[in-house]
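J.: The structure follows.
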Amino acid sequence: MPDDYERLRRWRLALGKAADEGLGGLAGKDDRAMDGALAALYDSDSESSASDSKRKAGGLGSSAPRVSRWLGDIRTYFPNSVVQVMQKDAIERLNLTQLLLEPELLEAVEPDVHLVGTLLSLNRVMPETTKATARMVVEKVVRDIERRIASKTTAAVTGVINRATRTSRPKLRDVDWDRTIRKNLGHYLPEHKTVVPERLVGYGRRAQAVHRDVVLAIDQSGSMASSVVYASVFGAVLASMRSLKTSLVVFDTAVVDLTDKLEDPVDVLFGTQLGGGTDINRAIAYCQSLITRPTESLFVLISDLYEGGVREQMLRRIGSMKESGVQVVVLLALSDDGAPSFDHDNASALAALGIPAFACTPDQFPELLAVALDKGDLIRWANAQQR
């Protein structure tokens, strides 16, 4: 049956040449080409034994042209989602990072968040001949993310701010007629076919004022690469909103304030330095100095919580921030990568302080912002997302 054949074919492609005896060989030219692309990445250079049914890490060699041809092959035979996984595996398993410093190879890759993270980790050693190409790759991914999240984020935040500034004595130009009519339906006069409003609903003229302060603090350790990319884009979107004062801080063992680069998230990303140690305590201390209106401030710490600094001080500082009225949330990851690795002891200590610590996808982040800016129950919101 065709279904049985397709199932055997897929298993053969997954398991490699060692499975020929049990599953049969591959007949089609395209199937053999797909198998060759998979073998270059997942089979060992040494001959596999017939009893070994799993693909092993191998090598594409150190030749940039060979890697470039392989990149072309996988884009021909696999969908983009699979191409991105294979590229990520090739970089991690076969140590191809040095080859990414060659412009012609960068032009052949399929850009995605993981590739951007790798490029940013190479930022300081990248030759000038490669930087322009790398920036184009990063910019493409950033603009794609912006298109995905900008309008949703703006709508969520604007809704919260509008609710906060609503007034019952608006000027005529500020009347929200839809809400006014609904509030006064009880005063409908059938004989005149109209509503006589006893109470007007509208927005105050504070719309251009800054209503909330948002501080984003992002851990630059290597495992947080995807989170750094997404957080930088969100930071730029928030910075474009006049009702918010947004600050963006990145840290490892040092702290760098990148707020002045928020106009362009690509500039923010090239201002980061992925990798190295982590001093969360020092980063929180700096962020405390940025908060001048605690009850109107939101502090978002994006970190896996592996602290290389003074743990007790870190917990004391973040607890003090919350006690002063700051809305505090800790994101263990801001990415689509699934459950992150994180320090469970520190996460539990934060939970004991009433500070939620959880992973969040980019699609969930606008709603999280809305709940936090509205001073809602973030722990309850987080629990609801996990059901």
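By order in the structure tokens, chains are A, B, ...; within a chain, residues start at 1; ligands start at 1, following the order shown.
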List as a Markdown table every residue of range 76-158 of chain A that is in contact with range 230-247 of chain A, defined as an atom at most 7 Å from one of its atoms (using only C-alpha atoms), together with the nearest atom pair and the distance in Å rounded to one decimal, sorted by chain and then rising number.

T.:
| residue | atom | partner | partner_atom | distance |
| --- | --- | --- | --- | --- |
| A:Val142 | CA | A:Val233 | CA | 6.8 |
| A:Glu146 | CA | A:Val233 | CA | 6.5 |
| A:Ala150 | CA | A:Val237 | CA | 6.1 |

J.: Between A:Asn123, A:Asp213, A:Ile218, A:Leu353, which is the closest to Ile161 in chain A once you count only C-alpha atoms?

T.: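 Once distances to Ile161 in chain A are computed over only C-alpha atoms, the minimum belongs to A:Asp213.
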
J.: As a JSON list (two decimals) with C-alpha atoms, in the first residue's frame, please: the residues near range 365-381 of chain A (cut-off 7 Å, only C-alpha atoms, same-chain neighbours under 5 positions excluded).

T.:
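So out-v5.json came out as:
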[["chain", "number", "residue", "atom", "x", "y", "z"],
["A", 152, "LYS", "CA", -0.54, 43.31, 18.46],
["A", 153, "THR", "CA", 1.79, 44.87, 21.02],
["A", 156, "ALA", "CA", -2.58, 45.67, 23.77],
["A", 157, "VAL", "CA", -0.62, 48.48, 25.42],
["A", 160, "VAL", "CA", -4.52, 49.54, 28.83],
["A", 298, "LEU", "CA", 7.13, 47.75, 35.14],
["A", 327, "GLN", "CA", 5.34, 45.57, 38.95],
["A", 356, "PRO", "CA", 6.30, 35.17, 38.87],
["A", 360, "CYS", "CA", 6.84, 33.20, 27.54]]

J.: Can you pull out every residue within 12 Å of Ala351 in chain A, counting only C-alpha atoms, but drop anything in the same chain fewer than 4 positions away, and send it as a PyMOL selection string?

T.: chain A and resi 315+318-319+328-330+344-347+355-358+378-379

J.: Export, as a JSON list (two decimals), in the first residue's frame, the selected residues with C-alpha atoms.

T.:
[["chain", "number", "residue", "atom", "x", "y", "z"],
["A", 315, "LEU", "CA", 16.97, 38.48, 45.85],
["A", 318, "ILE", "CA", 14.35, 42.50, 43.47],
["A", 319, "GLY", "CA", 12.18, 41.98, 46.58],
["A", 328, "VAL", "CA", 8.06, 42.90, 38.57],
["A", 329, "VAL", "CA", 8.04, 39.92, 36.22],
["A", 330, "VAL", "CA", 10.85, 37.47, 35.44],
["A", 344, "HIS", "CA", 15.11, 26.27, 39.94],
["A", 345, "ASP", "CA", 16.27, 27.42, 43.38],
["A", 346, "ASN", "CA", 16.29, 31.08, 42.37],
["A", 347, "ALA", "CA", 12.95, 30.72, 40.57],
["A", 355, "ILE", "CA", 7.30, 37.41, 41.80],
["A", 356, "PRO", "CA", 6.30, 35.17, 38.87],
["A", 357, "ALA", "CA", 9.07, 33.48, 36.90],
["A", 358, "PHE", "CA", 8.06, 31.62, 33.75],
["A", 378, "LEU", "CA", 0.53, 37.92, 36.60],
["A", 379, "ILE", "CA", 0.79, 34.63, 38.49]]

J.: Looking only at alpha helix (DSSP H) from DSSP on the backbone, list the matching residues of range 231-331 of chain A as a PyMOL selection string.

T.: chain A and resi 231-239+265-270+280-290+311-323

J.: Those same residues, written as an mmCIF file, in the first residue's frame with C-alpha atoms?

T.:
data_model
loop_
_atom_site.group_PDB
_atom_site.id
_atom_site.type_symbol
_atom_site.label_atom_id
_atom_site.label_comp_id
_atom_site.auth_asym_id
_atom_site.auth_seq_id
_atom_site.Cartn_x
_atom_site.Cartn_y
_atom_site.Cartn_z
ATOM 1 C CA ALA A 231 13.314 41.386 23.570
ATOM 2 C CA SER A 232 15.257 43.893 21.486
ATOM 3 C CA VAL A 233 12.463 44.050 18.914
ATOM 4 C CA PHE A 234 9.793 44.403 21.603
ATOM 5 C CA GLY A 235 11.871 47.131 23.248
ATOM 6 C CA ALA A 236 11.982 49.085 19.992
ATOM 7 C CA VAL A 237 8.215 48.732 19.527
ATOM 8 C CA LEU A 238 7.528 49.944 23.072
ATOM 9 C CA ALA A 239 9.979 52.831 22.674
ATOM 10 C CA PRO A 265 16.535 47.092 17.060
ATOM 11 C CA VAL A 266 19.304 46.016 14.672
ATOM 12 C CA ASP A 267 21.592 48.583 16.324
ATOM 13 C CA VAL A 268 20.525 47.215 19.703
ATOM 14 C CA LEU A 269 21.465 43.677 18.700
ATOM 15 C CA PHE A 270 24.863 44.695 17.383
ATOM 16 C CA ILE A 280 22.099 39.609 37.778
ATOM 17 C CA ASN A 281 22.586 41.479 41.047
ATOM 18 C CA ARG A 282 24.634 44.199 39.360
ATOM 19 C CA ALA A 283 22.069 44.522 36.567
ATOM 20 C CA ILE A 284 19.175 44.916 39.030
ATOM 21 C CA ALA A 285 21.139 47.525 40.968
ATOM 22 C CA TYR A 286 21.573 49.573 37.786
ATOM 23 C CA CYS A 287 17.910 49.178 36.824
ATOM 24 C CA GLN A 288 16.842 50.410 40.272
ATOM 25 C CA SER A 289 18.585 53.689 39.476
ATOM 26 C CA LEU A 290 16.365 54.087 36.386
ATOM 27 C CA ARG A 311 22.588 35.708 45.140
ATOM 28 C CA GLU A 312 21.337 37.051 48.498
ATOM 29 C CA GLN A 313 21.739 40.659 47.365
ATOM 30 C CA MET A 314 20.026 39.884 44.080
ATOM 31 C CA LEU A 315 16.966 38.480 45.846
ATOM 32 C CA ARG A 316 16.945 41.358 48.345
ATOM 33 C CA ARG A 317 17.108 43.972 45.584
ATOM 34 C CA ILE A 318 14.351 42.496 43.471
ATOM 35 C CA GLY A 319 12.184 41.976 46.583
ATOM 36 C CA SER A 320 12.751 45.606 47.595
ATOM 37 C CA MET A 321 11.788 46.725 44.093
ATOM 38 C CA LYS A 322 8.495 44.859 44.346
ATOM 39 C CA GLU A 323 7.798 46.200 47.853
#

J.: To one decimal place, how far is CA of Thr129 in chain A from CA of Val256 in chain A in Å?

T.: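 Atom-to-atom, CA of Thr129 in chain A and CA of Val256 in chain A are spaced 26.5 Å apart.
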
J.: With distances taken over only C-alpha atoms, which of A:Asp304, A:Glu92, A:Asp144, A:Glu191 is nearest to Val228 in chain A?

T.: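 Distance minimum relative to Val228 in chain A lands on A:Asp304.
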
J.: Just to confirm, what's the straight-line distance from CA of Ala155 in chain A to CA of His211 in chain A in Å (one decimal)?

T.: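 A separation of 15.6 Å between them.
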
J.: Using DSSP secondary structure from the backbone, list all strand (DSSP E) positions within range 171-381 of chain A, as a PyMOL selection string.

T.: chain A and resi 188-189+194-195+202-203+212-219+244-251+255-257+297-302+327-334+357-360

J.: Which of these, A:Thr253, A:Ser81, A:Ser227, A:Ser121, has the shortest distance to Ala333 in chain A once you count only C-alpha atoms?

T.: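 Of A:Thr253, A:Ser81, A:Ser227, A:Ser121, the one nearest Ala333 in chain A is A:Ser227, counting only C-alpha atoms.
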